[in-house]
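First the structure, in the form of C-alpha coordinates, and then the observations on it.
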Amino acid sequence: MDIDELMRRLFELYPDGCTVDMREPFFALISTVMSHRTRDDVTYPAAEKLFKRFSTPEEMAEAEVEEIETLIKDVGFYRVKAGRIKEISRILLEEYNGRVPDEMETLLKLPGVGRKTANCVLAHAFLKEDALAVDTHVHRISNRLGLVVTKNPEDTEIELKNVLPKKYWINVNILLVKFGQNVCRPVSPRCGVCILNDMCPKILL
DNA sequence: AAAACGGGGGC
DNA sequence: GCCCCAGTTTT
(Lines give C-alpha, C1' and ligand atoms only; values in the text may rest on other atoms or scores of the structure.)
Protein backbone atom coordinates (compact mmCIF):
# COMPACT_ATOMS: atom_id res chain seq x y z
CA MET A 1 0.00 0.00 0.00
CA ASP A 2 1.39 3.37 -1.08
CA ILE A 3 0.24 5.60 1.76
CA ASP A 4 1.68 8.76 0.24
CA GLU A 5 -0.26 8.18 -2.98
CA LEU A 6 -3.39 7.42 -0.97
CA MET A 7 -3.15 10.67 0.95
CA ARG A 8 -2.20 12.65 -2.16
CA ARG A 9 -5.43 11.58 -3.84
CA LEU A 10 -7.52 12.45 -0.80
CA PHE A 11 -5.90 15.89 -0.53
CA GLU A 12 -6.60 16.46 -4.21
CA LEU A 13 -10.21 15.39 -3.78
CA TYR A 14 -10.86 17.52 -0.69
CA PRO A 15 -8.48 20.52 -0.76
CA ASP A 16 -10.69 22.63 1.50
CA GLY A 17 -10.50 22.23 5.24
CA CYS A 18 -13.16 22.85 7.82
CA THR A 19 -15.19 26.08 7.58
CA VAL A 20 -14.93 26.53 11.34
CA ASP A 21 -11.56 27.92 12.50
CA MET A 22 -10.14 24.84 14.20
CA ARG A 23 -6.94 26.66 15.12
CA GLU A 24 -8.92 28.58 17.73
CA PRO A 25 -9.03 26.15 20.69
CA PHE A 26 -12.46 27.18 21.99
CA PHE A 27 -14.04 26.87 18.53
CA ALA A 28 -12.34 23.54 17.95
CA LEU A 29 -13.56 22.18 21.29
CA ILE A 30 -17.16 23.38 21.08
CA SER A 31 -17.70 22.57 17.40
CA THR A 32 -16.30 19.07 17.91
CA VAL A 33 -18.64 18.46 20.84
CA MET A 34 -21.47 19.63 18.57
CA SER A 35 -20.40 17.20 15.85
CA HIS A 36 -21.06 14.02 17.83
CA ARG A 37 -23.30 11.71 15.79
CA THR A 38 -24.13 14.64 13.50
CA ARG A 39 -23.06 15.24 9.90
CA ASP A 40 -20.52 17.99 9.37
CA ASP A 41 -22.69 19.79 6.80
CA VAL A 42 -25.28 20.22 9.57
CA THR A 43 -22.74 20.92 12.32
CA TYR A 44 -20.69 23.69 10.67
CA PRO A 45 -23.53 26.16 9.93
CA ALA A 46 -24.91 25.68 13.44
CA ALA A 47 -21.46 26.19 14.97
CA GLU A 48 -20.89 29.34 12.94
CA LYS A 49 -24.24 30.71 14.05
CA LEU A 50 -23.40 29.92 17.68
CA PHE A 51 -19.94 31.53 17.56
CA LYS A 52 -21.30 34.63 15.87
CA ARG A 53 -23.49 35.16 18.97
CA PHE A 54 -21.10 33.86 21.67
CA SER A 55 -17.42 33.65 20.75
CA THR A 56 -15.61 33.27 24.08
CA PRO A 57 -15.90 31.06 27.18
CA GLU A 58 -16.94 34.17 29.13
CA GLU A 59 -19.85 34.95 26.82
CA MET A 60 -20.87 31.30 26.51
CA ALA A 61 -20.83 30.72 30.27
CA GLU A 62 -23.15 33.66 30.87
CA ALA A 63 -25.52 32.82 28.01
CA GLU A 64 -28.97 31.44 28.68
CA VAL A 65 -28.89 27.73 27.95
CA GLU A 66 -32.22 28.13 26.14
CA GLU A 67 -30.59 30.53 23.67
CA ILE A 68 -27.73 28.10 23.04
CA GLU A 69 -30.34 25.39 22.42
CA THR A 70 -32.14 27.58 19.89
CA LEU A 71 -28.91 28.45 18.06
CA ILE A 72 -27.81 24.82 17.68
CA LYS A 73 -31.23 23.16 17.41
CA ASP A 74 -30.39 21.66 13.98
CA VAL A 75 -27.77 19.26 15.38
CA GLY A 76 -28.67 15.99 17.03
CA PHE A 77 -28.78 15.78 20.84
CA TYR A 78 -28.97 19.57 20.86
CA ARG A 79 -30.38 19.91 24.38
CA VAL A 80 -27.70 17.70 25.91
CA LYS A 81 -25.03 19.46 23.88
CA ALA A 82 -26.23 22.95 24.82
CA GLY A 83 -25.96 22.02 28.50
CA ARG A 84 -22.51 20.57 27.96
CA ILE A 85 -21.34 23.65 26.04
CA LYS A 86 -22.43 25.97 28.85
CA GLU A 87 -20.93 23.72 31.53
CA ILE A 88 -17.66 23.33 29.62
CA SER A 89 -17.45 27.12 29.31
CA ARG A 90 -18.08 27.56 33.05
CA ILE A 91 -15.36 25.02 33.89
CA LEU A 92 -12.89 26.69 31.53
CA LEU A 93 -13.50 29.99 33.31
CA GLU A 94 -13.43 28.68 36.87
CA GLU A 95 -10.80 25.96 36.63
CA TYR A 96 -8.54 26.85 33.71
CA ASN A 97 -8.38 30.64 33.62
CA GLY A 98 -10.67 30.83 30.59
CA ARG A 99 -8.31 28.73 28.47
CA VAL A 100 -8.82 25.37 26.76
CA PRO A 101 -6.42 22.80 28.29
CA ASP A 102 -3.83 21.37 25.92
CA GLU A 103 -3.40 18.01 27.63
CA MET A 104 -5.38 14.83 26.96
CA GLU A 105 -5.81 13.98 30.64
CA THR A 106 -7.31 17.39 31.42
CA LEU A 107 -9.53 17.58 28.34
CA LEU A 108 -11.08 14.21 29.22
CA LYS A 109 -12.44 15.70 32.46
CA LEU A 110 -14.73 18.04 30.53
CA PRO A 111 -18.34 16.87 30.04
CA GLY A 112 -18.97 15.41 26.60
CA VAL A 113 -15.27 15.18 25.80
CA GLY A 114 -13.93 11.72 25.05
CA ARG A 115 -10.77 10.55 23.37
CA LYS A 116 -11.86 11.44 19.83
CA THR A 117 -12.88 15.00 20.74
CA ALA A 118 -9.75 15.57 22.82
CA ASN A 119 -7.55 14.38 19.96
CA CYS A 120 -9.33 16.75 17.54
CA VAL A 121 -8.59 19.70 19.83
CA LEU A 122 -4.98 18.63 20.43
CA ALA A 123 -4.33 18.08 16.72
CA HIS A 124 -6.14 21.01 15.14
CA ALA A 125 -5.93 23.74 17.77
CA PHE A 126 -2.65 22.90 19.52
CA LEU A 127 -0.88 21.19 16.59
CA LYS A 128 0.19 18.29 18.82
CA GLU A 129 2.02 15.90 16.53
CA ASP A 130 1.19 12.79 18.56
CA ALA A 131 -2.58 13.30 18.40
CA LEU A 132 -4.62 11.22 15.94
CA ALA A 133 -8.40 11.58 16.10
CA VAL A 134 -10.12 8.30 15.27
CA ASP A 135 -13.88 8.36 14.72
CA THR A 136 -16.11 5.77 13.08
CA HIS A 137 -15.12 6.96 9.58
CA VAL A 138 -11.38 6.62 10.21
CA HIS A 139 -12.00 3.28 11.91
CA ARG A 140 -14.18 1.86 9.13
CA ILE A 141 -12.14 3.12 6.16
CA SER A 142 -8.78 2.16 7.64
CA ASN A 143 -10.10 -1.38 7.99
CA ARG A 144 -11.68 -1.49 4.52
CA LEU A 145 -8.38 -0.37 2.99
CA GLY A 146 -6.54 -3.00 5.00
CA LEU A 147 -4.35 -0.44 6.76
CA VAL A 148 -5.39 -1.97 10.09
CA VAL A 149 -7.38 -4.94 11.33
CA THR A 150 -9.17 -3.78 14.45
CA LYS A 151 -12.43 -4.13 16.36
CA ASN A 152 -12.81 -0.61 17.76
CA PRO A 153 -11.58 2.98 17.29
CA GLU A 154 -9.25 2.72 20.29
CA ASP A 155 -7.31 -0.14 18.69
CA THR A 156 -7.42 1.66 15.34
CA GLU A 157 -5.73 4.69 16.89
CA ILE A 158 -2.91 2.46 18.15
CA GLU A 159 -2.52 0.41 14.97
CA LEU A 160 -2.92 3.29 12.52
CA LYS A 161 -0.11 5.16 14.28
CA ASN A 162 2.17 2.27 13.33
CA VAL A 163 1.21 2.49 9.64
CA LEU A 164 0.43 6.12 8.82
CA PRO A 165 3.32 8.63 8.65
CA LYS A 166 3.05 11.22 11.39
CA LYS A 167 2.76 14.15 9.01
CA TYR A 168 -0.71 12.93 8.00
CA TRP A 169 -2.17 12.48 11.48
CA ILE A 170 -3.52 16.01 11.74
CA ASN A 171 -5.42 15.81 8.45
CA VAL A 172 -6.53 12.21 8.10
CA ASN A 173 -9.62 12.66 10.24
CA ILE A 174 -11.13 15.54 8.26
CA LEU A 175 -10.24 13.92 4.92
CA LEU A 176 -11.75 10.56 5.83
CA VAL A 177 -14.89 12.14 7.28
CA LYS A 178 -15.56 13.79 3.91
CA PHE A 179 -14.54 10.69 2.00
CA GLY A 180 -16.63 8.51 4.32
CA GLN A 181 -19.66 10.70 3.88
CA ASN A 182 -19.47 11.07 0.12
CA VAL A 183 -17.87 7.84 -1.12
CA CYS A 184 -16.81 5.17 1.36
CA ARG A 185 -20.11 5.32 3.23
CA PRO A 186 -20.93 3.02 6.17
CA VAL A 187 -23.70 1.32 4.18
CA SER A 188 -23.83 1.10 0.38
CA PRO A 189 -20.35 2.50 -0.33
CA ARG A 190 -20.05 4.14 -3.75
CA CYS A 191 -17.18 2.03 -5.04
CA GLY A 192 -18.22 2.91 -8.59
CA VAL A 193 -17.00 6.50 -8.17
CA CYS A 194 -14.10 5.74 -5.80
CA ILE A 195 -10.62 6.92 -6.76
CA LEU A 196 -8.97 4.33 -4.50
CA ASN A 197 -10.23 1.19 -6.23
CA ASP A 198 -6.75 0.10 -7.32
CA MET A 199 -5.60 0.25 -3.68
CA CYS A 200 -8.64 -1.23 -2.00
CA PRO A 201 -8.99 -4.95 -1.17
CA LYS A 202 -12.73 -4.55 -0.58
CA ILE A 203 -14.07 -3.24 -3.84
CA LEU A 204 -17.80 -3.91 -3.90
CA LEU A 205 -18.68 -2.25 -7.22
C1' DA B 1 -21.95 -4.96 27.03
C1' DA B 2 -25.83 -2.33 25.76
C1' DA B 3 -28.97 1.45 25.99
C1' DA B 4 -29.80 6.29 25.65
C1' DC B 5 -29.56 10.69 23.64
C1' DG B 6 -32.35 13.15 18.79
C1' DG B 7 -33.25 16.32 14.70
C1' DG B 8 -31.86 16.48 9.85
C1' DG B 9 -30.97 14.40 5.46
C1' DG B 10 -30.93 10.65 1.89
C1' DC B 11 -33.73 7.55 -0.34
C1' DG C 1 -41.92 6.94 6.27
C1' DC C 2 -37.70 4.60 7.49
C1' DC C 3 -32.80 4.35 8.41
C1' DC C 4 -28.50 6.28 9.55
C1' DC C 5 -25.28 9.64 11.47
C1' DA C 6 -17.52 13.58 13.26
C1' DG C 7 -19.40 9.91 20.41
C1' DT C 8 -19.96 9.94 25.08
C1' DT C 9 -22.34 8.91 29.25
C1' DT C 10 -25.11 6.05 31.92
C1' DT C 11 -27.27 1.73 33.13
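Residue numbers start at 1 in each chain; chains themselves are named A, B, ... in the order of the C-alpha coordinates; ligands are numbered from 1 in the order shown.
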Do you know which residues are at most 12 Å from B:DC5 counting only C-alpha atoms (C1' of nucleotides), after dropping those on the same chain fewer than 4 positions away, and could you put them as a PyMOL selection string?
(chain A and resi 36-37+76-81+112) or (chain C and resi 7-10)
Run DSSP on the backbone and grab whatever in stretch 42-163 of chain A lands in alpha helix (DSSP H); send it over as a PyMOL selection string.
chain A and resi 42-53+57-62+65-71+78-95+104-107+115-120+136-144+153-163
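Taking only C-alpha atoms (C1' of nucleotides) into account, chain C lies nearest to A:Asp41 out of the set A:Glu64, A:Glu24, A:Asp41, A:Asp155.
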Chain B residues near chain A within 9 Å, closest pair each, using only C-alpha atoms (C1' of nucleotides), as CSV:
residue,atom,partner,partner_atom,distance
B:DC5,C1',A:Phe77,CA,5.9
B:DG6,C1',A:Phe77,CA,4.9
B:DG7,C1',A:Gly76,CA,5.1
B:DG8,C1',A:Asp74,CA,6.8
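In this comparison, which uses only C-alpha atoms (C1' of nucleotides), the residue of A:Gly98, A:Met104, A:Leu71, A:Asn182 approaching B:DG10 most closely is A:Asn182.
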Provide the atom CA of A:Arg144 to atom CA of A:Lys202 distance in Å, to one decimal place.
6.0 Å
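Residues within 9 Å of A:Val121, counting only C-alpha atoms (C1' of nucleotides) and excluding same-chain residues fewer than 4 positions away, are Met22, Arg23, Pro25, Phe26, Ala28, Leu29, Thr32, Val100, Asp102, Leu107, Lys116, Thr117, Ala125, Phe126, Leu127, Lys128, Ala131 and Ala133 of chain A.
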Excluding stretch 164-178 of chain A and residues on its chain fewer than 2 positions from it, collect all residues at most 7 Å away from it, counting only C-alpha atoms (C1' of nucleotides), and give them as JSON, numbers by chain.
{"A": [10, 14, 123, 124, 131, 132, 133, 134, 137, 138, 160, 161, 162, 180, 181, 182], "C": [6]}
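What separates atom CA of A:Arg90 from atom CA of A:Ala61 is a distance of 5.0 Å.
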